[in-house]
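Colleague: Contents are mmCIF, C-alpha atoms; file name data_0.cif:
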data_data
loop_
_atom_site.label_atom_id
_atom_site.label_comp_id
_atom_site.auth_asym_id
_atom_site.auth_seq_id
_atom_site.Cartn_x
_atom_site.Cartn_y
_atom_site.Cartn_z
CA MET C 1175 0.00 0.00 0.00
CA ALA C 1176 2.86 2.32 0.77
CA HIS C 1177 4.10 1.83 -2.77
CA ALA C 1178 0.74 2.84 -4.22
CA ASN C 1179 0.70 5.97 -2.06
CA THR C 1180 4.13 6.99 -3.30
CA LEU C 1181 2.89 6.78 -6.87
CA GLU C 1182 -0.19 8.77 -5.94
CA THR C 1183 1.81 11.67 -4.53
CA GLN C 1184 4.29 11.69 -7.41
CA LYS C 1185 1.72 11.85 -10.16
CA GLY C 1186 3.22 13.12 -13.40
CA ILE C 1187 6.69 11.70 -12.76
CA ASP C 1188 7.15 8.73 -15.08
CA TRP C 1189 10.73 7.75 -14.24
CA ASN C 1190 10.33 5.76 -11.03
CA GLY C 1191 8.84 2.63 -12.54
CA GLY C 1192 5.68 0.87 -11.44
CA ASN C 1193 3.42 2.61 -13.94
CA GLU C 1194 2.11 1.81 -17.42
CA PRO C 1195 2.44 4.75 -19.81
CA PHE C 1196 0.80 2.80 -22.67
CA LYS C 1197 -1.90 1.14 -20.51
CA ALA C 1198 -1.34 -2.09 -22.43
CA SER C 1199 0.11 -5.40 -21.30
CA TRP C 1200 3.69 -6.42 -22.14
CA GLY C 1201 2.55 -9.07 -24.65
CA LYS C 1202 0.23 -6.75 -26.53
CA LEU C 1203 2.85 -4.00 -26.73
CA MET C 1204 5.45 -6.42 -28.09
CA MET C 1205 2.94 -7.61 -30.69
CA TRP C 1206 2.36 -3.99 -31.73
CA PHE C 1207 6.09 -3.33 -32.07
CA PHE C 1208 6.60 -6.57 -34.00
CA LEU C 1209 3.78 -5.57 -36.35
CA LEU C 1210 5.36 -2.15 -36.83
CA SER C 1211 8.65 -3.79 -37.85
CA ASP C 1212 6.78 -6.22 -40.11
CA ALA C 1213 5.04 -3.22 -41.66
CA PHE C 1214 8.51 -1.90 -42.50
CA SER C 1215 9.32 -5.16 -44.34
CA PHE C 1216 6.14 -4.97 -46.39
CA SER C 1217 6.62 -1.25 -46.98
CA SER C 1218 10.09 -1.85 -48.39
CA LEU C 1219 8.61 -4.35 -50.87
CA LEU C 1220 5.75 -2.04 -51.84
CA ILE C 1221 8.08 0.97 -52.14
CA THR C 1222 10.26 -1.11 -54.47
CA TYR C 1223 7.13 -1.91 -56.46
CA GLY C 1224 6.23 1.79 -56.69
CA LEU C 1225 9.73 2.77 -57.85
CA ILE C 1226 9.95 0.04 -60.52
CA ARG C 1227 6.34 0.51 -61.65
CA TYR C 1228 6.84 4.20 -62.32
CA SER C 1229 10.23 3.75 -63.97
CA HIS C 1230 8.47 1.66 -66.67
CA ASN C 1231 6.29 2.79 -69.51
CA ALA C 1232 2.53 2.89 -68.84
CA TYR C 1233 -0.01 1.80 -71.46
CA HIS C 1234 -1.57 4.88 -73.09
CA GLY C 1235 -3.72 3.47 -75.92
CA GLU C 1236 -7.39 2.47 -76.05
CA ALA C 1237 -8.47 -0.10 -73.44
CA GLU C 1238 -10.00 -2.41 -76.12
CA ALA C 1239 -6.78 -2.41 -78.16
CA PHE C 1240 -4.58 -3.42 -75.20
CA LYS C 1241 -2.22 -6.31 -75.74
CA PHE C 1242 0.61 -7.69 -73.61
CA SER C 1243 4.03 -6.33 -74.53
CA LEU C 1244 7.47 -5.97 -72.99
CA ASP C 1245 7.26 -2.25 -73.82
CA TRP C 1246 4.72 -1.30 -71.18
CA TRP C 1247 3.48 -2.32 -67.74
CA PRO C 1248 0.34 -4.49 -68.07
CA VAL C 1249 -3.14 -3.23 -67.17
CA PRO C 1250 -4.25 -5.32 -64.13
CA GLU C 1251 -7.81 -6.05 -65.28
CA LYS C 1252 -6.34 -7.64 -68.44
CA VAL C 1253 -3.99 -9.88 -66.42
CA PHE C 1254 -6.30 -11.02 -63.63
CA GLU C 1255 -9.56 -11.90 -65.36
CA ALA C 1256 -9.93 -15.66 -64.84
CA VAL C 1257 -12.25 -17.38 -62.36
CA PRO C 1258 -12.13 -21.09 -61.42
CA PHE C 1259 -14.71 -23.16 -63.37
CA LEU C 1260 -15.79 -20.11 -65.41
CA GLY C 1261 -12.69 -19.29 -67.46
CA ASP C 1262 -11.55 -15.91 -68.75
CA GLY C 1263 -13.37 -12.63 -69.22
CA TYR C 1264 -14.23 -11.72 -65.62
CA PRO C 1265 -11.79 -8.90 -64.76
CA LEU C 1266 -10.87 -8.74 -61.04
CA VAL C 1267 -13.84 -10.92 -60.03
CA PHE C 1268 -11.74 -13.69 -58.42
CA VAL C 1269 -9.49 -11.27 -56.55
CA GLY C 1270 -12.67 -9.53 -55.34
CA ILE C 1271 -13.83 -12.85 -53.88
CA MET C 1272 -10.42 -13.33 -52.23
CA THR C 1273 -10.60 -9.83 -50.71
CA PHE C 1274 -14.08 -10.57 -49.38
CA ILE C 1275 -12.87 -13.85 -47.82
CA LEU C 1276 -10.00 -12.10 -46.04
CA ILE C 1277 -12.15 -9.22 -44.72
CA MET C 1278 -14.73 -11.77 -43.57
CA SER C 1279 -12.11 -13.80 -41.70
CA SER C 1280 -10.93 -10.57 -40.07
CA VAL C 1281 -14.49 -10.03 -38.84
CA THR C 1282 -14.74 -13.56 -37.42
CA MET C 1283 -11.40 -12.96 -35.68
CA VAL C 1284 -12.62 -9.76 -34.03
CA LEU C 1285 -15.77 -11.67 -32.99
CA ALA C 1286 -13.52 -14.29 -31.37
CA VAL C 1287 -11.69 -11.54 -29.48
CA GLU C 1288 -15.04 -10.10 -28.37
CA ALA C 1289 -16.13 -13.53 -27.17
CA GLY C 1290 -12.83 -13.77 -25.27
CA HIS C 1291 -13.63 -10.54 -23.43
CA ARG C 1292 -16.86 -12.20 -22.29
CA ARG C 1293 -14.91 -15.39 -21.32
CA ASP C 1294 -17.24 -17.35 -23.59
CA ARG C 1295 -15.09 -20.33 -24.54
CA LYS C 1296 -17.66 -21.92 -26.88
CA ASP C 1297 -17.99 -18.69 -28.90
CA VAL C 1298 -14.21 -18.19 -29.06
CA GLU C 1299 -13.85 -21.73 -30.43
CA LYS C 1300 -16.61 -21.19 -32.99
CA TRP C 1301 -15.24 -17.91 -34.35
CA LEU C 1302 -11.61 -19.10 -34.33
CA LEU C 1303 -12.65 -22.11 -36.41
CA TRP C 1304 -14.37 -19.82 -38.93
CA THR C 1305 -11.22 -17.68 -39.05
CA ILE C 1306 -9.03 -20.74 -39.70
CA LEU C 1307 -11.43 -21.86 -42.44
CA GLY C 1308 -11.29 -18.38 -44.03
CA GLY C 1309 -7.49 -18.47 -43.93
CA PHE C 1310 -7.33 -21.86 -45.65
CA THR C 1311 -9.85 -20.72 -48.27
CA PHE C 1312 -7.75 -17.66 -49.01
CA LEU C 1313 -4.58 -19.77 -49.29
CA GLY C 1314 -6.34 -22.16 -51.68
CA SER C 1315 -7.54 -19.24 -53.79
CA GLN C 1316 -4.03 -17.83 -53.92
CA ALA C 1317 -2.64 -21.20 -54.96
CA TRP C 1318 -5.12 -21.26 -57.85
CA GLU C 1319 -4.27 -17.66 -58.76
CA TRP C 1320 -0.53 -18.44 -58.82
CA THR C 1321 -1.06 -21.60 -60.89
CA HIS C 1322 -3.06 -19.67 -63.45
CA PHE C 1323 -0.53 -16.83 -63.45
CA ILE C 1324 2.41 -19.22 -63.98
CA HIS C 1325 0.72 -21.29 -66.71
CA GLY C 1326 -0.68 -18.26 -68.52
CA THR C 1327 -3.13 -18.40 -71.41
CA PRO C 1328 -2.99 -20.88 -74.35
CA GLU C 1329 -2.45 -18.12 -76.92
CA GLY C 1330 0.45 -16.63 -74.92
CA GLY C 1331 1.14 -12.92 -74.64
CA ALA C 1332 4.11 -10.63 -75.09
CA ILE C 1333 6.77 -11.16 -77.80
CA ASP C 1334 10.36 -11.45 -76.53
CA ILE C 1335 13.34 -9.70 -78.16
CA TYR C 1336 13.95 -12.67 -80.49
CA GLY C 1337 10.41 -12.53 -81.84
CA ASN C 1338 9.11 -15.58 -79.93
CA VAL C 1339 5.76 -15.58 -78.12
CA ILE C 1340 6.11 -15.92 -74.33
CA TYR C 1341 3.80 -18.36 -72.54
CA GLY C 1342 3.11 -18.08 -68.81
CA ALA C 1343 5.38 -16.50 -66.23
CA ASN C 1344 8.58 -17.24 -64.34
CA LEU C 1345 11.29 -15.13 -62.72
CA ILE C 1346 13.11 -14.55 -66.05
CA GLN C 1347 10.28 -13.62 -68.38
CA ASN C 1348 6.48 -13.48 -68.41
CA GLN C 1349 3.75 -13.10 -71.01
CA TYR C 1350 2.16 -10.11 -69.28
CA GLY C 1351 4.89 -7.49 -69.56
CA PRO C 1352 8.35 -6.50 -68.28
CA ALA C 1353 10.11 -9.16 -66.14
CA PRO C 1354 9.91 -7.15 -62.86
CA PHE C 1355 6.10 -7.31 -63.04
CA ALA C 1356 6.02 -11.07 -62.40
CA ASN C 1357 9.01 -10.93 -60.04
CA LEU C 1358 7.29 -8.37 -57.82
CA PHE C 1359 4.00 -10.28 -58.04
CA PHE C 1360 5.69 -13.48 -56.84
CA PHE C 1361 7.70 -11.78 -54.10
CA ILE C 1362 4.97 -9.58 -52.63
CA THR C 1363 1.94 -11.87 -52.84
CA GLY C 1364 4.23 -14.75 -51.83
CA PHE C 1365 5.50 -12.91 -48.75
CA HIS C 1366 1.91 -12.02 -47.88
CA GLY C 1367 0.74 -15.60 -48.48
CA PHE C 1368 3.50 -16.82 -46.18
CA HIS C 1369 2.17 -14.48 -43.48
CA VAL C 1370 -1.35 -15.83 -43.99
CA PHE C 1371 0.02 -19.36 -43.70
CA SER C 1372 1.85 -18.61 -40.43
CA GLY C 1373 -1.28 -16.84 -39.18
CA VAL C 1374 -3.40 -19.94 -39.84
CA ILE C 1375 -0.87 -22.14 -38.04
CA ILE C 1376 -0.80 -19.77 -35.04
CA ASN C 1377 -4.61 -19.66 -35.02
CA ILE C 1378 -4.75 -23.46 -34.98
CA ILE C 1379 -2.35 -23.60 -32.01
CA VAL C 1380 -4.36 -20.98 -30.12
CA PHE C 1381 -7.62 -22.78 -30.96
CA TYR C 1382 -6.14 -25.96 -29.52
CA LEU C 1383 -5.08 -24.18 -26.32
CA VAL C 1384 -8.45 -22.40 -26.01
CA ALA C 1385 -10.26 -25.72 -26.41
CA PHE C 1386 -8.17 -27.16 -23.57
CA GLY C 1387 -9.09 -24.23 -21.35
CA VAL C 1388 -5.56 -22.89 -20.99
CA TYR C 1389 -6.67 -19.27 -21.30
CA ASP C 1390 -9.51 -19.52 -18.77
CA ASN C 1391 -7.04 -19.26 -15.93
CA PRO C 1392 -5.37 -15.88 -15.39
CA HIS C 1393 -2.73 -17.33 -13.02
CA ARG C 1394 -0.56 -19.04 -15.61
CA GLU C 1395 3.18 -18.95 -14.93
CA THR C 1396 4.01 -18.65 -18.63
CA ASP C 1397 2.34 -15.30 -19.13
CA PRO C 1398 2.11 -13.41 -15.83
CA GLY C 1399 -0.17 -10.42 -15.73
CA ALA C 1400 -2.13 -11.43 -18.81
CA GLU C 1401 -5.91 -11.27 -18.84
CA PRO C 1402 -7.82 -14.47 -19.65
CA TYR C 1403 -8.06 -14.94 -23.43
CA GLU C 1404 -5.53 -12.17 -24.05
CA MET C 1405 -3.67 -14.53 -26.39
CA VAL C 1406 -6.71 -14.52 -28.68
CA GLU C 1407 -6.40 -10.73 -28.77
CA LYS C 1408 -2.69 -10.91 -29.64
CA VAL C 1409 -3.07 -13.38 -32.49
CA GLY C 1410 -6.06 -11.30 -33.53
CA LEU C 1411 -3.75 -8.29 -33.92
CA TYR C 1412 -1.49 -10.37 -36.17
CA TRP C 1413 -4.40 -11.65 -38.24
CA HIS C 1414 -5.82 -8.14 -38.77
CA PHE C 1415 -2.37 -7.00 -39.82
CA VAL C 1416 -2.32 -9.68 -42.52
CA ASP C 1417 -5.71 -8.39 -43.71
CA LEU C 1418 -4.36 -4.83 -43.60
CA VAL C 1419 -1.37 -5.73 -45.77
CA TRP C 1420 -3.69 -7.36 -48.29
CA VAL C 1421 -5.59 -4.05 -48.58
CA PHE C 1422 -2.34 -2.41 -49.78
CA VAL C 1423 -1.23 -5.34 -51.96
CA PHE C 1424 -4.69 -5.34 -53.54
CA THR C 1425 -4.47 -1.64 -54.40
CA ALA C 1426 -0.91 -1.91 -55.74
CA PHE C 1427 -1.35 -5.01 -57.92
CA TYR C 1428 -4.99 -5.15 -58.93
CA LEU C 1429 -6.17 -1.53 -59.11
CA ILE C 1430 -3.32 0.84 -60.01
CA MET U 1301 -8.54 -9.81 -4.65
CA ALA U 1302 -9.00 -8.77 -8.25
CA ASN U 1303 -7.51 -11.99 -9.54
CA ILE U 1304 -9.83 -14.10 -7.44
CA ASP U 1305 -12.82 -12.20 -8.83
CA LEU U 1306 -11.61 -12.82 -12.40
CA ALA U 1307 -11.27 -16.53 -11.72
CA LYS U 1308 -14.79 -16.63 -10.32
CA ASP U 1309 -16.15 -14.86 -13.39
CA ALA U 1310 -14.53 -17.41 -15.65
CA HIS U 1311 -16.22 -20.35 -13.96
CA SER U 1312 -19.54 -18.92 -12.77
CA GLY U 1313 -21.28 -19.73 -16.09
CA GLU U 1314 -22.72 -16.21 -16.30
CA ILE U 1315 -21.73 -15.25 -19.86
CA PRO U 1316 -22.83 -11.79 -21.03
CA LYS U 1317 -24.64 -11.34 -24.32
CA PRO U 1318 -22.48 -10.54 -27.40
CA ASN U 1319 -22.11 -6.87 -28.24
CA THR U 1320 -21.13 -6.83 -31.91
CA ALA U 1321 -22.94 -3.86 -33.48
CA ALA U 1322 -19.72 -1.82 -33.91
CA ILE U 1323 -17.92 -4.80 -35.48
CA TRP U 1324 -20.59 -5.32 -38.13
CA ARG U 1325 -20.81 -1.58 -38.82
CA THR U 1326 -17.04 -1.56 -39.53
CA PHE U 1327 -17.47 -4.64 -41.73
CA TYR U 1328 -20.16 -2.95 -43.85
CA ILE U 1329 -18.01 0.19 -44.22
CA LEU U 1330 -15.02 -1.93 -45.39
CA LEU U 1331 -17.24 -3.86 -47.78
CA GLY U 1332 -18.74 -0.62 -49.13
CA ILE U 1333 -15.35 0.95 -49.79
CA THR U 1334 -14.15 -2.24 -51.55
CA VAL U 1335 -17.24 -2.25 -53.79
CA LEU U 1336 -16.59 1.44 -54.53
CA GLU U 1337 -13.02 0.57 -55.58
CA PHE U 1338 -14.33 -2.01 -58.05
CA ILE U 1339 -16.82 0.50 -59.44
CA VAL U 1340 -14.05 3.07 -60.02
CA ALA U 1341 -11.87 0.38 -61.66
CA LEU U 1342 -14.45 -1.28 -63.93
CA ALA U 1343 -17.62 0.82 -64.44
CA PRO U 1344 -17.97 1.92 -68.09
CA PHE U 1345 -19.48 5.29 -67.12
CA LEU U 1346 -16.30 6.19 -65.17
CA MET U 1347 -13.88 5.47 -68.04
CA TRP U 1348 -13.47 9.22 -68.66
CA ILE U 1349 -11.52 9.67 -65.40
CA PRO U 1350 -7.76 9.86 -66.19
CA HIS U 1351 -5.69 7.04 -64.70
CA GLY U 1352 -3.71 9.46 -62.50
CA TRP U 1353 -6.88 10.65 -60.76
CA LYS U 1354 -8.05 7.08 -60.30
CA VAL U 1355 -4.77 6.32 -58.52
CA VAL U 1356 -5.45 9.23 -56.15
CA LEU U 1357 -8.98 7.87 -55.51
CA TYR U 1358 -7.58 4.37 -54.84
CA ALA U 1359 -5.01 5.80 -52.43
CA ILE U 1360 -7.68 7.69 -50.47
CA MET U 1361 -9.95 4.62 -50.27
CA THR U 1362 -7.03 2.36 -49.27
CA VAL U 1363 -6.01 4.66 -46.43
CA ALA U 1364 -9.66 4.85 -45.31
CA LYS U 1365 -9.88 1.05 -45.20
CA ALA U 1366 -6.55 0.84 -43.34
CA ALA U 1367 -7.80 3.40 -40.81
CA TYR U 1368 -10.93 1.34 -40.08
CA ILE U 1369 -9.00 -1.95 -39.79
CA VAL U 1370 -6.31 -0.51 -37.51
CA GLY U 1371 -8.64 1.79 -35.57
CA GLU U 1372 -11.58 -0.55 -34.94
CA PHE U 1373 -10.50 -4.15 -35.56
CA MET U 1374 -7.05 -3.69 -34.02
CA HIS U 1375 -8.56 -1.35 -31.43
CA LEU U 1376 -5.80 1.25 -31.82
CA ARG U 1377 -8.31 4.14 -31.85
CA HIS U 1378 -9.23 3.27 -28.26
CA GLU U 1379 -5.65 2.98 -26.97
CA VAL U 1380 -3.58 5.61 -25.14
CA LYS U 1381 -2.57 8.63 -27.24
CA PHE U 1382 1.17 7.83 -26.98
CA LEU U 1383 0.65 4.29 -28.29
CA ILE U 1384 -1.31 5.65 -31.26
CA TYR U 1385 1.54 8.05 -32.08
CA ALA U 1386 4.21 5.36 -31.53
CA ILE U 1387 2.59 3.32 -34.30
CA LEU U 1388 1.40 6.14 -36.56
CA LEU U 1389 4.42 8.46 -36.73
CA PRO U 1390 6.88 5.90 -38.20
CA MET U 1391 4.31 4.92 -40.82
CA ILE U 1392 3.89 8.56 -41.87
CA PHE U 1393 7.62 8.64 -42.67
CA VAL U 1394 7.25 5.39 -44.60
CA ALA U 1395 4.39 6.89 -46.62
CA TRP U 1396 6.65 9.85 -47.39
CA LEU U 1397 9.38 7.48 -48.57
CA LEU U 1398 6.85 5.73 -50.83
CA LEU U 1399 5.79 9.04 -52.41
CA ALA U 1400 9.40 10.17 -52.81
CA LEU U 1401 10.51 6.95 -54.51
CA ILE U 1402 7.48 6.84 -56.83
CA TYR U 1403 8.49 10.34 -57.91
CA GLU U 1404 12.06 9.08 -58.28
CA GLY U 1405 10.76 6.22 -60.45
CA GLY U 1406 9.30 8.78 -62.85
CA SER U 1407 12.71 10.45 -62.97
CA VAL U 1408 14.38 7.10 -63.78
CA PHE U 1409 11.85 6.66 -66.60
CA ASP U 1410 12.73 10.11 -68.02
CA LEU U 1411 16.46 9.38 -67.87
CA ARG U 1412 15.98 6.09 -69.73
CA HIS U 1413 13.76 7.43 -72.50
CA PHE U 1414 14.63 11.07 -73.17
#
Could you rewrite the structure in this file as structure tokens?
Modeller:
Amino acid sequence: MAHANTLETQKGIDWNGGNEPFKASWGKLMMWFFLLSDAFSFSSLLITYGLIRYSHNAYHGEAEAFKFSLDWWPVPEKVFEAVPFLGDGYPLVFVGIMTFILIMSSVTMVLAVEAGHRRDRKDVEKWLLWTILGGFTFLGSQAWEWTHFIHGTPEGGAIDIYGNVIYGANLIQNQYGPAPFANLFFFITGFHGFHVFSGVIINIIVFYLVAFGVYDNPHRETDPGAEPYEMVEKVGLYWHFVDLVWVFVFTAFYLI
Amino acid sequence: MANIDLAKDAHSGEIPKPNTAAIWRTFYILLGITVLEFIVALAPFLMWIPHGWKVVLYAIMTVAKAAYIVGEFMHLRHEVKFLIYAILLPMIFVAWLLLALIYEGGSVFDLRHF
């Protein structure tokens, strides 16, 4: 009690310890700082994309007359226009579905966090399972998108410097446009997909621990000072961050 | 004392009703902005907008979506002011770097072609 009184009388002095300037637990703060550093990693990739994108020629002709060429950066709605089972001719439809899936799984995650605040283990389990399902669905969609991107279209696209038609995409050349286009696509969506994959794995681990009632008890030795179900909140932060990055990847690759 | 109360809450079986109105409101806003982005990208009646202006529109809508995800879903809007600034200020510098290097990319293009 004496300690508390000392703090009371010295209000405004933050250098004696024993207070929480950020009013957040240690674990949550560290998650925030990790996410900030991860945001730097993604920013460096997206800044590279911006620099390379604007140091290449843009397509200036009529939209109907557009064709793939090494001379200009491709128009996204001409590259991403295939949907599973339906074929070509649906610009940005599939990526729209993927975006919806990821936003939806972000919502189920925040519902799991909300259920955790109410200590409702059944609800946390339910919403975490939906989140895991959304994550797997997104990963499956991305696998399909990559496969289609790598195989390309039967008629091929851009003509290389020797006059040969290029089919599909790899890290050396691609049928859609200049080589950096596919390289950046693979690196950035791949790095994001890897984050989604780790997020799903972490969600599965936390689901397992929630189901065994580990987070019901606030007196755990492993995480002193944590609220019950705070771990759901922390992995929730990570999962929302993955959704947030997709918002920027989506704008960079599919809209601009 | 506080810890004992928490433990009792966890096992008493009294679970409060869900309070999810704000979550769904944020979801509908995010969905609305995404639909708006598709309209700007694909609608035939908006083809007259120059690409440069569309990029500005996309940037505004992307930042709006990011603000809702970070502010509401990640709860940052309800945290202490210093924590908000600790996260936000570095990202403002990053955004500046992005703008500067996009501009630099245009300069690289000019040097290559003219």
Colleague: For a cut-off of 12 Å around (-9.3, -4.0, -35.6), file coordinates, pick out all residues using only C-alpha atoms and list them as a PDB file with C-alpha atoms, keeping the file's coordinate frame.
Modeller:
ATOM      1  CA  ILE C1277     -12.150  -9.220 -44.720  1.00  0.00           C
ATOM      2  CA  SER C1279     -12.110 -13.800 -41.700  1.00  0.00           C
ATOM      3  CA  SER C1280     -10.930 -10.570 -40.070  1.00  0.00           C
ATOM      4  CA  VAL C1281     -14.490 -10.030 -38.840  1.00  0.00           C
ATOM      5  CA  THR C1282     -14.740 -13.560 -37.420  1.00  0.00           C
ATOM      6  CA  MET C1283     -11.400 -12.960 -35.680  1.00  0.00           C
ATOM      7  CA  VAL C1284     -12.620  -9.760 -34.030  1.00  0.00           C
ATOM      8  CA  LEU C1285     -15.770 -11.670 -32.990  1.00  0.00           C
ATOM      9  CA  ALA C1286     -13.520 -14.290 -31.370  1.00  0.00           C
ATOM     10  CA  VAL C1287     -11.690 -11.540 -29.480  1.00  0.00           C
ATOM     11  CA  GLU C1288     -15.040 -10.100 -28.370  1.00  0.00           C
ATOM     12  CA  GLU C1407      -6.400 -10.730 -28.770  1.00  0.00           C
ATOM     13  CA  LYS C1408      -2.690 -10.910 -29.640  1.00  0.00           C
ATOM     14  CA  VAL C1409      -3.070 -13.380 -32.490  1.00  0.00           C
ATOM     15  CA  GLY C1410      -6.060 -11.300 -33.530  1.00  0.00           C
ATOM     16  CA  LEU C1411      -3.750  -8.290 -33.920  1.00  0.00           C
ATOM     17  CA  TYR C1412      -1.490 -10.370 -36.170  1.00  0.00           C
ATOM     18  CA  TRP C1413      -4.400 -11.650 -38.240  1.00  0.00           C
ATOM     19  CA  HIS C1414      -5.820  -8.140 -38.770  1.00  0.00           C
ATOM     20  CA  PHE C1415      -2.370  -7.000 -39.820  1.00  0.00           C
ATOM     21  CA  VAL C1416      -2.320  -9.680 -42.520  1.00  0.00           C
ATOM     22  CA  ASP C1417      -5.710  -8.390 -43.710  1.00  0.00           C
ATOM     23  CA  LEU C1418      -4.360  -4.830 -43.600  1.00  0.00           C
TER      24      LEU C1418
ATOM     25  CA  ALA U1322     -19.720  -1.820 -33.910  1.00  0.00           C
ATOM     26  CA  ILE U1323     -17.920  -4.800 -35.480  1.00  0.00           C
ATOM     27  CA  TRP U1324     -20.590  -5.320 -38.130  1.00  0.00           C
ATOM     28  CA  THR U1326     -17.040  -1.560 -39.530  1.00  0.00           C
ATOM     29  CA  PHE U1327     -17.470  -4.640 -41.730  1.00  0.00           C
ATOM     30  CA  LEU U1330     -15.020  -1.930 -45.390  1.00  0.00           C
ATOM     31  CA  LYS U1365      -9.880   1.050 -45.200  1.00  0.00           C
ATOM     32  CA  ALA U1366      -6.550   0.840 -43.340  1.00  0.00           C
ATOM     33  CA  ALA U1367      -7.800   3.400 -40.810  1.00  0.00           C
ATOM     34  CA  TYR U1368     -10.930   1.340 -40.080  1.00  0.00           C
ATOM     35  CA  ILE U1369      -9.000  -1.950 -39.790  1.00  0.00           C
ATOM     36  CA  VAL U1370      -6.310  -0.510 -37.510  1.00  0.00           C
ATOM     37  CA  GLY U1371      -8.640   1.790 -35.570  1.00  0.00           C
ATOM     38  CA  GLU U1372     -11.580  -0.550 -34.940  1.00  0.00           C
ATOM     39  CA  PHE U1373     -10.500  -4.150 -35.560  1.00  0.00           C
ATOM     40  CA  MET U1374      -7.050  -3.690 -34.020  1.00  0.00           C
ATOM     41  CA  HIS U1375      -8.560  -1.350 -31.430  1.00  0.00           C
ATOM     42  CA  LEU U1376      -5.800   1.250 -31.820  1.00  0.00           C
ATOM     43  CA  ARG U1377      -8.310   4.140 -31.850  1.00  0.00           C
ATOM     44  CA  HIS U1378      -9.230   3.270 -28.260  1.00  0.00           C
ATOM     45  CA  GLU U1379      -5.650   2.980 -26.970  1.00  0.00           C
TER      46      GLU U1379
END
Colleague: Ranking U:Ala1364, U:Leu1336, U:Val1355, U:Leu1346 by minimum distance to chain C and counting only C-alpha atoms, which one comes first?
Modeller: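 That would be U:Val1355, the residue with the smallest distance to chain C.
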Colleague: Could you please tell me, as a list in words, which residues of chain C have an atom within 7 Å of chain U when using only C-alpha atoms?
Modeller: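 Only these qualify: Phe1196, Lys1197, Leu1210, Ile1221, Gly1224, Leu1225, Ile1226, Tyr1228, Ser1229, His1230, Val1281, Val1284, Arg1292, Arg1293, Asp1294, Asp1390, Asn1391, Pro1392, Leu1411, His1414, Leu1418, Val1421, Phe1422, Thr1425, Leu1429 and Ile1430 of chain C.
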Colleague: Starting from the shown file, work through the PyMOL selection byres ((chain C and resi 1259-1266) around 12) and note down what comes out as JSON, numbers by chain.
Modeller: {"C": [1249, 1250, 1251, 1252, 1253, 1254, 1255, 1256, 1257, 1258, 1267, 1268, 1269, 1270, 1271, 1272, 1273, 1318, 1319, 1322, 1326, 1327, 1328, 1424, 1425, 1427, 1428, 1429], "U": [1334, 1335, 1337, 1338, 1339, 1341, 1342, 1343]}
Colleague: Let's have the selection written as a PDB file, in the frame of the given file, with C-alpha atoms.
Modeller:
ATOM      1  CA  VAL C1249      -3.140  -3.230 -67.170  1.00  0.00           C
ATOM      2  CA  PRO C1250      -4.250  -5.320 -64.130  1.00  0.00           C
ATOM      3  CA  GLU C1251      -7.810  -6.050 -65.280  1.00  0.00           C
ATOM      4  CA  LYS C1252      -6.340  -7.640 -68.440  1.00  0.00           C
ATOM      5  CA  VAL C1253      -3.990  -9.880 -66.420  1.00  0.00           C
ATOM      6  CA  PHE C1254      -6.300 -11.020 -63.630  1.00  0.00           C
ATOM      7  CA  GLU C1255      -9.560 -11.900 -65.360  1.00  0.00           C
ATOM      8  CA  ALA C1256      -9.930 -15.660 -64.840  1.00  0.00           C
ATOM      9  CA  VAL C1257     -12.250 -17.380 -62.360  1.00  0.00           C
ATOM     10  CA  PRO C1258     -12.130 -21.090 -61.420  1.00  0.00           C
ATOM     11  CA  VAL C1267     -13.840 -10.920 -60.030  1.00  0.00           C
ATOM     12  CA  PHE C1268     -11.740 -13.690 -58.420  1.00  0.00           C
ATOM     13  CA  VAL C1269      -9.490 -11.270 -56.550  1.00  0.00           C
ATOM     14  CA  GLY C1270     -12.670  -9.530 -55.340  1.00  0.00           C
ATOM     15  CA  ILE C1271     -13.830 -12.850 -53.880  1.00  0.00           C
ATOM     16  CA  MET C1272     -10.420 -13.330 -52.230  1.00  0.00           C
ATOM     17  CA  THR C1273     -10.600  -9.830 -50.710  1.00  0.00           C
ATOM     18  CA  TRP C1318      -5.120 -21.260 -57.850  1.00  0.00           C
ATOM     19  CA  GLU C1319      -4.270 -17.660 -58.760  1.00  0.00           C
ATOM     20  CA  HIS C1322      -3.060 -19.670 -63.450  1.00  0.00           C
ATOM     21  CA  GLY C1326      -0.680 -18.260 -68.520  1.00  0.00           C
ATOM     22  CA  THR C1327      -3.130 -18.400 -71.410  1.00  0.00           C
ATOM     23  CA  PRO C1328      -2.990 -20.880 -74.350  1.00  0.00           C
ATOM     24  CA  PHE C1424      -4.690  -5.340 -53.540  1.00  0.00           C
ATOM     25  CA  THR C1425      -4.470  -1.640 -54.400  1.00  0.00           C
ATOM     26  CA  PHE C1427      -1.350  -5.010 -57.920  1.00  0.00           C
ATOM     27  CA  TYR C1428      -4.990  -5.150 -58.930  1.00  0.00           C
ATOM     28  CA  LEU C1429      -6.170  -1.530 -59.110  1.00  0.00           C
TER      29      LEU C1429
ATOM     30  CA  THR U1334     -14.150  -2.240 -51.550  1.00  0.00           C
ATOM     31  CA  VAL U1335     -17.240  -2.250 -53.790  1.00  0.00           C
ATOM     32  CA  GLU U1337     -13.020   0.570 -55.580  1.00  0.00           C
ATOM     33  CA  PHE U1338     -14.330  -2.010 -58.050  1.00  0.00           C
ATOM     34  CA  ILE U1339     -16.820   0.500 -59.440  1.00  0.00           C
ATOM     35  CA  ALA U1341     -11.870   0.380 -61.660  1.00  0.00           C
ATOM     36  CA  LEU U1342     -14.450  -1.280 -63.930  1.00  0.00           C
ATOM     37  CA  ALA U1343     -17.620   0.820 -64.440  1.00  0.00           C
TER      38      ALA U1343
END
